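Heads up, work_11.cif below (mmCIF, C-alpha atoms):
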data_input
loop_
_atom_site.label_atom_id
_atom_site.label_comp_id
_atom_site.auth_asym_id
_atom_site.auth_seq_id
_atom_site.Cartn_x
_atom_site.Cartn_y
_atom_site.Cartn_z
CA MET A 839 12.41 8.17 -1.18
CA VAL A 840 13.58 5.91 1.61
CA SER A 841 11.85 4.18 4.46
CA SER A 842 12.30 5.48 8.00
CA ARG A 843 12.38 3.61 11.30
CA HIS A 844 9.71 6.03 12.59
CA PRO A 845 8.11 7.06 9.29
CA PHE A 846 5.56 9.47 10.81
CA GLY A 847 7.93 10.93 13.40
CA SER A 848 10.34 12.63 11.04
CA ASP A 849 11.17 12.99 7.37
CA PRO A 850 14.01 10.97 5.83
CA TYR A 851 15.24 14.19 4.17
CA PRO A 852 14.82 16.99 6.74
CA GLY A 853 14.22 20.34 5.08
CA ALA A 854 13.68 18.85 1.62
CA GLY A 855 10.44 19.14 -0.36
CA ARG A 856 7.32 17.26 0.66
CA ILE A 857 4.75 15.62 -1.63
CA LEU A 858 1.47 14.11 -0.44
CA PHE A 859 -0.18 11.71 -2.91
CA VAL A 860 -3.96 11.46 -2.43
CA GLY A 861 -6.42 8.87 -3.74
CA ASP A 862 -6.15 5.22 -4.78
CA VAL A 863 -2.49 5.00 -3.83
CA HIS A 864 -2.82 1.23 -3.34
CA GLY A 865 -3.37 0.67 -7.09
CA SER A 866 -0.61 -0.68 -9.32
CA HIS A 867 -0.65 2.38 -11.60
CA ALA A 868 -0.26 4.82 -8.71
CA ARG A 869 2.48 2.72 -7.14
CA SER A 870 4.33 2.56 -10.45
CA TRP A 871 4.06 6.35 -10.81
CA MET A 872 5.39 7.01 -7.31
CA ASN A 873 8.24 4.57 -7.87
CA VAL A 874 9.62 6.94 -10.50
CA LEU A 875 10.65 9.21 -7.63
CA ARG A 876 12.69 6.54 -5.88
CA GLY A 877 16.21 7.78 -5.44
CA SER A 878 15.13 11.42 -5.41
CA GLU A 879 15.70 13.33 -2.20
CA ILE A 880 12.01 14.11 -1.76
CA ASN A 881 9.86 13.35 1.28
CA VAL A 882 6.77 11.43 0.18
CA ARG A 883 3.67 10.42 2.09
CA CYS A 884 0.28 9.12 0.94
CA PHE A 885 -3.35 9.57 1.90
CA GLY A 886 -5.33 6.53 0.79
CA SER A 887 -8.97 5.92 -0.09
CA VAL A 888 -11.74 3.53 0.92
CA ASN A 889 -11.40 1.79 -2.46
CA GLY A 890 -8.68 -0.58 -1.34
CA VAL A 891 -6.56 -1.73 1.58
CA ILE A 892 -2.94 -0.61 1.46
CA PRO A 893 -0.70 -3.65 0.67
CA ALA A 894 1.35 -4.84 3.63
CA ASP A 895 4.60 -4.35 1.67
CA PHE A 896 3.84 -0.68 0.96
CA ASP A 897 6.91 1.18 2.20
CA LEU A 898 5.74 4.82 2.03
CA PRO A 899 4.21 6.46 5.12
CA THR A 900 0.48 6.26 4.39
CA TYR A 901 -2.64 7.49 6.16
CA SER A 902 -5.49 5.08 5.44
CA PRO A 903 -9.23 5.43 6.14
CA LEU A 904 -9.39 1.62 6.33
CA PRO A 905 -8.10 -0.76 9.01
CA GLN A 906 -4.87 -2.59 8.28
CA TYR A 907 -3.96 -6.20 9.02
CA PRO A 908 -1.23 -7.00 9.65
CA LEU A 909 -0.51 -3.51 10.89
CA SER A 910 2.61 -2.03 9.28
CA PRO A 911 4.72 0.78 10.77
CA ASN A 912 4.35 2.57 7.42
CA ILE A 913 0.54 2.57 7.52
CA ARG A 914 -1.50 4.63 9.96
CA PRO A 915 -5.27 3.94 10.09
CA LEU A 916 -6.97 7.32 10.40
CA PHE A 917 -9.81 6.41 12.74
CA THR A 918 -9.66 2.87 14.07
CA ASN A 919 -8.14 -0.50 13.29
CA HIS A 920 -11.39 -2.29 14.17
CA TRP A 921 -13.24 -3.40 11.04
CA LEU A 922 -16.74 -3.27 12.53
CA ILE A 923 -16.30 0.21 13.98
CA SER A 924 -14.61 1.30 10.76
CA ALA A 925 -17.59 0.07 8.72
CA LEU A 926 -19.92 2.12 10.92
CA LEU A 927 -17.76 5.21 10.54
CA ARG A 928 -17.72 4.76 6.74
CA GLU A 929 -21.52 4.62 6.77
CA ILE A 930 -21.62 7.89 8.70
CA ASP A 931 -18.98 9.36 6.41
CA GLY A 932 -21.07 8.41 3.38
CA LEU A 933 -24.15 10.07 4.83
CA TYR A 934 -22.17 13.30 5.12
CA ASN A 935 -20.56 13.07 1.66
CA GLY A 936 -17.11 12.11 2.91
CA ARG A 937 -16.74 14.97 5.37
CA LEU A 938 -15.14 12.77 8.04
CA THR A 939 -12.36 11.65 5.68
CA GLU A 940 -11.94 15.22 4.46
CA TRP A 941 -11.55 16.39 8.05
CA ALA A 942 -8.79 13.82 8.52
CA LEU A 943 -7.07 14.96 5.32
CA HIS A 944 -7.29 18.58 6.45
CA ARG A 945 -5.64 17.58 9.71
CA VAL A 946 -2.79 15.79 7.90
CA LEU A 947 -2.23 18.80 5.69
CA ARG A 948 -2.05 21.14 8.67
CA LYS A 949 0.24 18.87 10.63
CA TRP A 950 2.69 17.63 7.97
CA ARG A 951 2.47 20.72 5.70
CA PRO A 952 3.34 19.23 2.26
CA ASN A 953 4.57 21.56 -0.45
CA VAL A 954 2.75 19.65 -3.19
CA VAL A 955 -0.46 17.61 -3.17
CA HIS A 956 -0.91 15.21 -6.10
CA SER A 957 -4.41 13.74 -6.50
CA PHE A 958 -4.80 10.53 -8.49
CA GLY A 959 -7.93 10.88 -10.61
CA ILE A 960 -10.57 13.58 -10.70
CA PHE A 961 -13.51 11.68 -9.23
CA PRO A 962 -13.45 11.20 -6.33
CA ALA A 963 -9.91 12.19 -5.22
CA SER A 964 -9.64 15.66 -6.78
CA GLU A 965 -13.29 16.47 -6.10
CA SER A 966 -12.79 15.69 -2.43
CA TYR A 967 -9.51 17.60 -2.21
CA LEU A 968 -11.16 20.64 -3.85
CA ARG A 969 -13.44 20.95 -0.83
CA VAL A 970 -10.53 20.54 1.58
CA GLN A 971 -8.39 23.06 -0.28
CA SER A 972 -11.08 25.70 -0.06
CA ARG A 973 -10.64 25.68 3.73
CA LEU A 974 -6.86 26.05 3.72
CA GLY A 975 -6.74 29.76 2.94
CA ALA A 976 -3.75 31.33 1.21
CA ASP A 977 -1.23 29.06 2.90
CA LYS A 978 -1.80 25.91 0.86
CA PRO A 979 0.32 23.47 -1.17
CA LEU A 980 0.68 23.47 -4.92
CA TRP A 981 -1.96 21.11 -6.31
CA VAL A 982 -1.34 18.60 -9.11
CA VAL A 983 -4.35 16.86 -10.68
CA GLN A 984 -3.75 13.68 -12.67
CA ALA A 985 -6.65 12.51 -14.88
CA ARG A 986 -7.36 8.91 -15.80
CA GLY A 987 -7.76 8.13 -19.47
CA GLY A 988 -11.35 6.90 -19.44
CA PRO A 989 -14.45 8.35 -17.80
CA ASP A 990 -12.71 10.92 -15.57
CA ILE A 991 -13.41 13.65 -18.12
CA GLU A 992 -14.97 11.96 -21.13
CA VAL A 993 -18.24 10.99 -19.45
CA ASN A 994 -18.42 13.49 -16.62
CA ARG A 995 -18.15 16.58 -18.81
CA HIS A 996 -21.60 15.75 -20.21
CA LEU A 997 -23.24 15.90 -16.76
CA ASP A 998 -24.05 19.45 -15.62
CA ASP A 999 -23.03 19.09 -11.98
CA ARG A 1000 -19.86 17.15 -12.83
CA ARG A 1001 -18.99 19.67 -15.54
CA GLN A 1002 -19.18 22.48 -12.98
CA THR A 1003 -16.94 20.49 -10.64
CA LEU A 1004 -14.43 19.86 -13.44
CA HIS A 1005 -14.34 23.58 -14.19
CA ALA A 1006 -13.79 24.40 -10.51
CA ILE A 1007 -10.98 21.84 -10.19
CA PHE A 1008 -9.21 23.09 -13.32
CA GLN A 1009 -9.44 26.66 -12.07
CA ALA A 1010 -8.17 25.80 -8.58
CA CYS A 1011 -5.35 23.36 -9.38
CA ASP A 1012 -1.82 24.48 -10.18
CA SER A 1013 -0.89 21.78 -12.69
CA PHE A 1014 -2.59 19.06 -14.71
CA ILE A 1015 -1.29 15.69 -15.96
CA ALA A 1016 -3.05 13.42 -18.48
CA ASP A 1017 -2.22 10.33 -20.50
CA THR A 1018 -3.88 11.45 -23.75
CA ASP A 1019 -3.91 14.57 -25.91
CA GLN A 1020 -7.71 14.31 -25.88
CA ASN A 1021 -7.85 14.72 -22.10
CA LEU A 1022 -5.43 17.63 -22.22
CA ASP A 1023 -7.56 19.37 -24.86
CA ALA A 1024 -10.79 18.59 -23.00
CA ALA A 1025 -9.41 20.03 -19.78
CA VAL A 1026 -8.48 23.28 -21.52
CA GLY A 1027 -11.98 23.38 -23.00
CA LEU A 1028 -13.39 23.03 -19.49
CA GLY A 1029 -11.48 25.97 -18.10
CA LEU A 1030 -7.91 24.79 -17.49
CA PRO A 1031 -5.47 27.59 -18.36
CA VAL A 1032 -3.04 26.28 -20.98
CA GLY A 1033 -0.12 27.24 -18.76
CA LYS A 1034 -1.24 24.67 -16.18
CA CYS A 1035 -0.66 21.71 -18.52
CA SER A 1036 2.33 19.89 -17.11
CA SER A 1037 5.75 20.17 -18.73
CA ILE A 1038 5.77 16.37 -19.17
CA GLY A 1039 3.08 16.41 -21.86
CA ARG A 1040 1.15 13.22 -22.53
CA VAL A 1041 2.45 10.53 -20.18
CA PRO A 1042 1.22 7.02 -19.25
CA GLY A 1043 -0.56 6.84 -15.92
CA THR A 1044 2.10 4.43 -14.68
CA GLY A 1045 4.91 6.84 -15.54
CA GLY A 1046 5.92 4.41 -18.27
CA ILE A 1047 6.77 0.73 -18.26
CA ASP A 1048 10.07 -1.13 -18.16
CA ILE A 1049 10.22 -2.20 -21.79
CA ASP A 1050 13.49 -4.09 -21.46
CA ALA A 1051 12.21 -6.17 -18.54
CA LEU A 1052 9.10 -7.19 -20.50
CA ALA A 1053 10.89 -7.63 -23.82
CA VAL A 1054 12.41 -10.89 -22.59
CA GLY A 1055 9.06 -12.34 -23.62
CA HIS A 1056 10.02 -11.85 -27.24
CA THR A 1057 12.35 -14.84 -27.00
CA VAL A 1058 9.19 -16.92 -27.60
CA PRO A 1059 7.25 -15.48 -30.55
CA PRO A 1060 3.45 -15.45 -30.15
CA SER A 1061 2.84 -18.07 -32.84
CA GLN A 1062 4.87 -20.58 -30.77
CA ARG A 1063 3.31 -19.77 -27.40
CA GLU A 1064 0.69 -21.71 -25.51
CA ARG A 1065 -2.86 -21.00 -26.67
CA LEU A 1066 -3.33 -18.63 -23.76
CA LEU A 1067 -5.85 -15.79 -23.88
CA PHE A 1068 -5.36 -13.17 -21.14
CA VAL A 1069 -8.31 -10.91 -20.25
CA PRO A 1070 -6.99 -8.25 -17.84
CA LYS A 1071 -10.24 -6.21 -17.68
CA ALA A 1072 -12.75 -8.94 -16.85
CA TYR A 1073 -15.21 -6.65 -15.10
CA GLU A 1074 -18.49 -4.88 -15.63
CA HIS A 1075 -17.87 -1.14 -15.47
CA LEU A 1076 -18.78 2.10 -17.16
CA GLN A 1077 -15.45 1.99 -18.97
CA SER A 1078 -15.29 -1.67 -19.99
CA LYS A 1079 -17.77 -4.55 -20.33
CA VAL A 1080 -16.83 -8.22 -19.97
CA LEU A 1081 -20.29 -9.70 -20.72
CA PRO A 1082 -19.89 -9.22 -24.51
CA VAL A 1083 -16.50 -10.93 -24.19
CA LEU A 1084 -18.12 -13.97 -22.56
CA GLU A 1085 -20.81 -14.10 -25.24
CA ALA A 1086 -18.13 -13.93 -27.94
CA LEU A 1087 -16.18 -16.75 -26.30
CA LYS A 1088 -19.29 -18.94 -26.23
CA ILE A 1089 -19.85 -18.34 -29.95
CA VAL A 1090 -16.28 -19.13 -31.06
CA TRP A 1091 -15.39 -21.77 -28.47
CA PRO A 1092 -15.88 -24.76 -30.82
CA ARG A 1093 -13.25 -23.24 -33.14
CA LEU A 1094 -11.08 -21.74 -30.38
CA ALA A 1095 -10.62 -24.74 -28.10
CA PRO A 1096 -8.28 -25.96 -26.84
CA CYS A 1097 -7.47 -22.63 -25.23
CA ARG A 1098 -6.61 -21.54 -21.70
CA VAL A 1099 -8.21 -18.26 -20.62
CA VAL A 1100 -7.01 -16.21 -17.63
CA CYS A 1101 -9.31 -13.43 -16.40
CA THR A 1102 -8.46 -10.90 -13.72
CA ALA A 1103 -10.15 -7.95 -12.00
CA VAL A 1104 -13.42 -9.92 -12.06
CA ASN A 1105 -15.95 -7.94 -10.01
CA PRO A 1106 -19.21 -9.06 -8.32
CA ASP A 1107 -21.34 -7.86 -11.25
CA ALA A 1108 -19.44 -10.15 -13.62
CA LEU A 1109 -18.80 -13.20 -11.44
CA PRO A 1110 -22.23 -14.91 -11.80
CA TRP A 1111 -21.92 -14.87 -15.58
CA PHE A 1112 -18.64 -16.77 -15.44
CA HIS A 1113 -20.37 -19.47 -13.39
CA SER A 1114 -23.15 -19.67 -15.97
CA LEU A 1115 -20.78 -20.66 -18.78
CA PRO A 1116 -20.90 -24.23 -20.11
CA ALA A 1117 -18.92 -26.69 -18.00
CA GLU A 1118 -16.34 -27.38 -20.73
CA MET A 1119 -15.57 -23.65 -20.92
CA GLN A 1120 -15.38 -23.19 -17.16
CA ALA A 1121 -12.78 -25.96 -17.04
CA SER A 1122 -10.49 -23.85 -19.24
CA ILE A 1123 -11.09 -20.43 -17.67
CA GLU A 1124 -9.27 -19.10 -14.60
CA VAL A 1125 -11.17 -16.38 -12.72
CA HIS A 1126 -9.31 -14.00 -10.40
CA PRO A 1127 -10.58 -10.93 -8.53
CA ARG A 1128 -7.09 -9.41 -8.58
CA LEU A 1129 -3.60 -10.52 -9.48
CA PRO A 1130 -0.34 -8.92 -8.31
CA ARG A 1131 1.12 -6.60 -10.91
CA GLU A 1132 4.18 -8.84 -11.22
CA ARG A 1133 1.94 -11.75 -12.21
CA ILE A 1134 0.05 -9.61 -14.72
CA LEU A 1135 3.29 -8.57 -16.40
CA GLU A 1136 4.42 -12.18 -16.41
CA LEU A 1137 1.21 -13.17 -18.21
CA MET A 1138 1.89 -10.50 -20.84
CA THR A 1139 5.07 -12.41 -21.74
CA GLN A 1140 3.31 -15.80 -21.75
CA ALA A 1141 -0.01 -15.12 -23.46
CA ARG A 1142 -0.49 -15.43 -27.17
CA VAL A 1143 -3.33 -12.89 -27.10
CA VAL A 1144 -4.31 -10.09 -24.69
CA LEU A 1145 -8.00 -9.24 -25.02
CA ALA A 1146 -8.86 -5.77 -23.68
CA PRO A 1147 -11.76 -4.11 -25.51
CA SER A 1148 -13.24 -1.04 -23.81
CA VAL A 1149 -16.09 1.40 -24.19
CA MET A 1150 -13.79 4.31 -23.40
CA ASP A 1151 -10.12 4.52 -22.55
CA GLY A 1152 -6.95 6.52 -22.79
CA ILE A 1153 -3.89 4.86 -24.24
CA PRO A 1154 -4.38 1.64 -22.24
CA ASN A 1155 -1.51 0.45 -20.12
CA THR A 1156 -2.62 -3.07 -21.01
CA LEU A 1157 -1.95 -2.24 -24.66
CA LEU A 1158 1.55 -1.00 -23.90
CA GLU A 1159 2.31 -3.97 -21.65
CA ALA A 1160 1.02 -6.48 -24.19
CA MET A 1161 3.15 -4.97 -26.94
CA ALA A 1162 6.22 -4.95 -24.72
CA GLY A 1163 5.60 -8.55 -23.64
CA GLY A 1164 5.20 -9.88 -27.17
CA ALA A 1165 1.48 -10.74 -26.91
CA ILE A 1166 -1.00 -9.80 -29.63
CA PRO A 1167 -3.39 -7.06 -28.42
CA ILE A 1168 -7.10 -6.86 -29.17
CA VAL A 1169 -8.40 -3.38 -28.33
CA SER A 1170 -11.27 -1.16 -29.37
CA PRO A 1171 -10.82 1.44 -32.15
CA LEU A 1172 -11.27 4.43 -29.85
CA PRO A 1173 -10.15 7.97 -30.79
CA THR A 1174 -7.45 7.80 -28.10
CA ILE A 1175 -6.03 4.57 -29.53
CA THR A 1176 -6.31 4.71 -33.33
CA PRO A 1177 -3.75 7.53 -33.77
CA HIS A 1178 -1.07 5.25 -32.36
CA VAL A 1179 -1.76 1.72 -33.66
CA SER A 1180 -3.38 0.18 -36.73
CA GLU A 1181 -4.81 -3.16 -37.86
CA PRO A 1182 -3.30 -5.57 -38.80
CA GLU A 1183 0.11 -3.95 -38.38
CA ASN A 1184 -0.06 -3.72 -34.59
CA VAL A 1185 -3.41 -4.88 -33.19
CA PHE A 1186 -6.78 -6.39 -34.00
CA PHE A 1187 -9.71 -4.05 -33.40
CA ALA A 1188 -13.04 -4.99 -31.84
CA ARG A 1189 -15.66 -2.68 -30.39
CA ASN A 1190 -16.52 -3.63 -26.83
CA LEU A 1191 -20.27 -4.01 -27.36
CA TYR A 1192 -20.05 -5.94 -30.65
CA VAL A 1193 -19.93 -9.64 -29.85
CA HIS A 1194 -19.12 -10.89 -33.37
CA GLU A 1195 -16.28 -8.38 -33.79
CA ILE A 1196 -14.72 -9.66 -30.55
CA GLY A 1197 -15.12 -13.28 -31.60
CA ASP A 1198 -13.62 -12.70 -35.05
CA ALA A 1199 -10.68 -10.81 -33.54
CA ILE A 1200 -9.98 -13.62 -31.07
CA LEU A 1201 -9.81 -16.22 -33.84
CA LYS A 1202 -7.58 -14.07 -36.05
CA ALA A 1203 -5.23 -13.22 -33.20
CA MET A 1204 -5.01 -16.80 -31.94
CA ASP A 1205 -4.44 -18.46 -35.32
CA GLY A 1206 -2.55 -15.85 -37.31
CA GLY A 1207 0.64 -17.86 -37.71
CA GLU A 1208 3.84 -16.03 -38.59
CA GLN A 1209 1.88 -12.82 -39.13
CA LEU A 1210 1.64 -12.63 -35.35
CA ASP A 1211 5.42 -12.76 -34.98
CA GLN A 1212 5.84 -9.86 -37.41
CA MET A 1213 3.26 -7.85 -35.46
CA ALA A 1214 5.11 -8.50 -32.23
CA GLN A 1215 8.40 -7.25 -33.66
CA ARG A 1216 6.78 -4.06 -34.97
CA ASN A 1217 5.09 -3.51 -31.62
CA LEU A 1218 8.32 -3.78 -29.67
CA SER A 1219 9.75 -0.89 -31.70
CA LEU A 1220 6.54 1.11 -31.40
CA VAL A 1221 6.08 0.75 -27.66
CA ARG A 1222 9.57 2.10 -26.99
CA ASN A 1223 8.30 5.43 -28.33
CA LEU A 1224 4.86 5.27 -26.73
CA GLY A 1225 5.54 4.10 -23.21
CA ASP A 1226 9.17 3.41 -22.30
CA ARG A 1227 9.76 4.40 -18.69
CA ARG A 1228 13.24 5.65 -19.56
CA GLN A 1229 11.92 8.49 -21.69
CA PHE A 1230 9.52 9.71 -18.96
CA GLU A 1231 11.53 9.17 -15.79
CA GLN A 1232 13.73 12.26 -15.99
CA PRO A 1233 10.97 14.63 -17.21
CA ILE A 1234 8.77 13.50 -14.29
CA ARG A 1235 11.54 14.07 -11.77
CA THR A 1236 12.34 17.46 -13.29
CA TYR A 1237 8.65 18.36 -13.19
CA TYR A 1238 8.41 17.76 -9.45
CA ALA A 1239 11.71 19.53 -8.82
CA GLU A 1240 10.33 22.59 -10.60
CA LEU A 1241 7.14 22.47 -8.56
CA LEU A 1242 9.04 22.19 -5.30
CA ALA A 1243 11.20 25.13 -6.35
CA GLN A 1244 7.98 27.17 -6.57
CA MET A 1245 6.71 26.17 -3.12
CA ARG A 1246 4.90 29.11 -1.70
CA ARG A 1247 6.10 28.69 1.86
CA PRO A 1248 9.34 26.74 2.26
CA ILE A 1249 9.66 24.50 5.29
CA GLU A 1250 12.56 26.61 6.60
CA THR A 1251 10.42 29.77 6.56
CA HIS A 1252 7.63 28.02 8.45
CA THR A 1253 10.06 26.67 11.03
CA GLN A 1254 11.57 30.13 11.56
CA ALA A 1255 8.10 31.59 12.06
CA LEU A 1256 7.29 28.99 14.72
CA HIS A 1257 10.51 29.77 16.58
CA LYS A 1258 9.67 33.47 16.45
CA GLN A 1259 6.18 32.86 17.81
CA GLY A 1260 7.66 30.73 20.58
CA ALA A 1261 10.03 33.52 21.51
CA MET A 1262 7.10 35.91 21.75
#
Can the structure in the file be given as structure tokens, please?
Amino acid sequence: MVSSRHPFGSDPYPGAGRILFVGDVHGSHARSWMNVLRGSEINVRCFGSVNGVIPADFDLPTYSPLPQYPLSPNIRPLFTNHWLISALLREIDGLYNGRLTEWALHRVLRKWRPNVVHSFGIFPASESYLRVQSRLGADKPLWVVQARGGPDIEVNRHLDDRRQTLHAIFQACDSFIADTDQNLDAAVGLGLPVGKCSSIGRVPGTGGIDIDALAVGHTVPPSQRERLLFVPKAYEHLQSKVLPVLEALKIVWPRLAPCRVVCTAVNPDALPWFHSLPAEMQASIEVHPRLPRERILELMTQARVVLAPSVMDGIPNTLLEAMAGGAIPIVSPLPTITPHVSEPENVFFARNLYVHEIGDAILKAMDGGEQLDQMAQRNLSLVRNLGDRRQFEQPIRTYYAELLAQMRRPIETHTQALHKQGAM
């Protein structure tokens, strides 16, 4: 993948395969996944979502339903670059269940003609693309669905209408990627033919992490680090709850202080509760709506403890990053996590809704002494097997190469047909 001077005018690799990534392409996990393809001679474009503005430094040609400031040559707003008009259009789009955005996606598909469409997440990206795909007829791209580890399947399969949608998606897609064996098994149970499970097998949603880059953090063992507690999932969501974390911190604060706490991904539902904390706690807690991925990874190498309990999850990327960065992870004992790590060998467990379990885990992880250093060394060895980018990079590239080799209507054939029609 390379940037082009006129990114929407022509492909950097004329005649080579084309992949269109659809969904929350602005997110750090999606960007990390797409970066695996850098250096491959594949033409890549993206179709974003209303869930986030595309970063200004994004260097892949991207169609965005949101305005963009400053406007980048690599980002093309689909409707308008005026925020007020865009807000009105999104209201109309919502009233019609996203049909306006789906019309725009249909237009991109017809004009650029990708060989593969890869949708990040089932709801809403794959659900929306399912409706678009049904209007494409026989001449349509191969479709890759990538599930997220948490509620994508786990919760939605219990709701009748969502279960029917899951079944329809798994029947219609050509290939399926997941980060846990549980999601792979659940998808098959919901109608995915076994042969559609990707050749990669279970793979982190980021495509793996750079273990060696993060392992530099091991030069300072956790027992000798600043008393820094990093909370990377400080939001209220179906998948993870921060309010029990705040209650636990209030309970243990007299024994925990002094301690610096950094919280990121704080959403509007959680923000008022941070401001309601006692003044002495607020003075020690940093609250951030978002942090750049580079800063998050840096914190993984600086923190003594990474606190990331969840109600449901896959194999959390925060767990892998904490282990690679030398921090001590606190996670919940979920069925997707317990097969891979144990307490106290690798982590401390705390269920997300159990305040006293979270508080006890924080104190043990913060004051464990040399035991923490032994955990960190074991985790560095373990994470190389669980999430090292080097072991997934080539299988991912091979996977896409195999898909592109199966493309139902090569670009050359389409071009020849157009020339023939012109001659007629």
Margin query: Using the chain letters and numbers from this file, what does the PyMOL selection byres ((chain A and resi 1238) around 12) select? Give the answer as a count of residues only.
Written below: 38
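From CA of His1075 in chain A back to CA of Val1149 in chain A, the distance works out to 9.3 Å.
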Note to self: Restricting the calculation to only C-alpha atoms: of A:Ala1053, A:Met1119, A:Leu1076, A:Val1083, which residue gets closest to Asp1226 in chain A?
What the structure shows: A:Ala1053
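Note that CA of Arg973 in chain A and CA of Leu997 in chain A are 26.0 Å apart.
CA of Phe885 in chain A sits 18.7 Å away from CA of Trp921 in chain A.
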Checklist line | the PyMOL selection byres ((chain A and resi 962-964) around 12) resolved against shown file, as a count of residues only | finding: 48
Atoms added to range 995-1015 of chain A (N, CA and C atoms), reported as a PDB file, in the coordinates of the input:
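Result went into result-v8.pdb, see below:
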ATOM      1  N   ARG A 995     -17.964  15.231 -18.249  1.00  0.00           N
ATOM      2  CA  ARG A 995     -18.150  16.580 -18.810  1.00  0.00           C
ATOM      3  C   ARG A 995     -19.531  16.753 -19.423  1.00  0.00           C
ATOM      4  N   HIS A 996     -20.259  15.664 -19.644  1.00  0.00           N
ATOM      5  CA  HIS A 996     -21.600  15.750 -20.210  1.00  0.00           C
ATOM      6  C   HIS A 996     -22.679  15.881 -19.139  1.00  0.00           C
ATOM      7  N   LEU A 997     -22.295  15.771 -17.865  1.00  0.00           N
ATOM      8  CA  LEU A 997     -23.240  15.900 -16.760  1.00  0.00           C
ATOM      9  C   LEU A 997     -23.066  17.277 -16.125  1.00  0.00           C
ATOM     10  N   ASP A 998     -24.148  18.036 -16.008  1.00  0.00           N
ATOM     11  CA  ASP A 998     -24.050  19.450 -15.620  1.00  0.00           C
ATOM     12  C   ASP A 998     -23.305  19.648 -14.304  1.00  0.00           C
ATOM     13  N   ASP A 999     -23.686  18.881 -13.268  1.00  0.00           N
ATOM     14  CA  ASP A 999     -23.030  19.090 -11.980  1.00  0.00           C
ATOM     15  C   ASP A 999     -21.568  18.689 -12.015  1.00  0.00           C
ATOM     16  N   ARG A1000     -21.254  17.588 -12.711  1.00  0.00           N
ATOM     17  CA  ARG A1000     -19.860  17.150 -12.830  1.00  0.00           C
ATOM     18  C   ARG A1000     -19.058  18.146 -13.677  1.00  0.00           C
ATOM     19  N   ARG A1001     -19.683  18.692 -14.701  1.00  0.00           N
ATOM     20  CA  ARG A1001     -18.990  19.670 -15.540  1.00  0.00           C
ATOM     21  C   ARG A1001     -18.599  20.899 -14.721  1.00  0.00           C
ATOM     22  N   GLN A1002     -19.494  21.340 -13.838  1.00  0.00           N
ATOM     23  CA  GLN A1002     -19.180  22.480 -12.980  1.00  0.00           C
ATOM     24  C   GLN A1002     -18.030  22.146 -12.034  1.00  0.00           C
ATOM     25  N   THR A1003     -18.030  20.902 -11.522  1.00  0.00           N
ATOM     26  CA  THR A1003     -16.940  20.490 -10.640  1.00  0.00           C
ATOM     27  C   THR A1003     -15.619  20.429 -11.401  1.00  0.00           C
ATOM     28  N   LEU A1004     -15.650  19.894 -12.611  1.00  0.00           N
ATOM     29  CA  LEU A1004     -14.430  19.860 -13.440  1.00  0.00           C
ATOM     30  C   LEU A1004     -13.889  21.260 -13.642  1.00  0.00           C
ATOM     31  N   HIS A1005     -14.775  22.193 -13.977  1.00  0.00           N
ATOM     32  CA  HIS A1005     -14.340  23.580 -14.190  1.00  0.00           C
ATOM     33  C   HIS A1005     -13.693  24.139 -12.919  1.00  0.00           C
ATOM     34  N   ALA A1006     -14.333  23.891 -11.767  1.00  0.00           N
ATOM     35  CA  ALA A1006     -13.790  24.400 -10.510  1.00  0.00           C
ATOM     36  C   ALA A1006     -12.425  23.800 -10.198  1.00  0.00           C
ATOM     37  N   ILE A1007     -12.275  22.500 -10.447  1.00  0.00           N
ATOM     38  CA  ILE A1007     -10.980  21.840 -10.190  1.00  0.00           C
ATOM     39  C   ILE A1007      -9.901  22.421 -11.095  1.00  0.00           C
ATOM     40  N   PHE A1008     -10.211  22.586 -12.375  1.00  0.00           N
ATOM     41  CA  PHE A1008      -9.210  23.090 -13.320  1.00  0.00           C
ATOM     42  C   PHE A1008      -8.843  24.537 -13.038  1.00  0.00           C
ATOM     43  N   GLN A1009      -9.754  25.289 -12.464  1.00  0.00           N
ATOM     44  CA  GLN A1009      -9.440  26.660 -12.070  1.00  0.00           C
ATOM     45  C   GLN A1009      -8.574  26.686 -10.810  1.00  0.00           C
ATOM     46  N   ALA A1010      -8.840  25.758  -9.886  1.00  0.00           N
ATOM     47  CA  ALA A1010      -8.170  25.800  -8.580  1.00  0.00           C
ATOM     48  C   ALA A1010      -6.807  25.127  -8.573  1.00  0.00           C
ATOM     49  N   CYS A1011      -6.611  24.105  -9.417  1.00  0.00           N
ATOM     50  CA  CYS A1011      -5.350  23.360  -9.380  1.00  0.00           C
ATOM     51  C   CYS A1011      -4.209  24.210  -9.940  1.00  0.00           C
ATOM     52  N   ASP A1012      -3.000  23.775  -9.671  1.00  0.00           N
ATOM     53  CA  ASP A1012      -1.820  24.480 -10.180  1.00  0.00           C
ATOM     54  C   ASP A1012      -1.197  23.804 -11.379  1.00  0.00           C
ATOM     55  N   SER A1013      -1.480  22.507 -11.561  1.00  0.00           N
ATOM     56  CA  SER A1013      -0.890  21.780 -12.690  1.00  0.00           C
ATOM     57  C   SER A1013      -1.758  20.575 -12.996  1.00  0.00           C
ATOM     58  N   PHE A1014      -1.727  20.139 -14.261  1.00  0.00           N
ATOM     59  CA  PHE A1014      -2.590  19.060 -14.710  1.00  0.00           C
ATOM     60  C   PHE A1014      -1.790  18.073 -15.550  1.00  0.00           C
ATOM     61  N   ILE A1015      -1.980  16.772 -15.248  1.00  0.00           N
ATOM     62  CA  ILE A1015      -1.290  15.690 -15.960  1.00  0.00           C
ATOM     63  C   ILE A1015      -2.349  14.780 -16.579  1.00  0.00           C
TER      64      ILE A1015
END
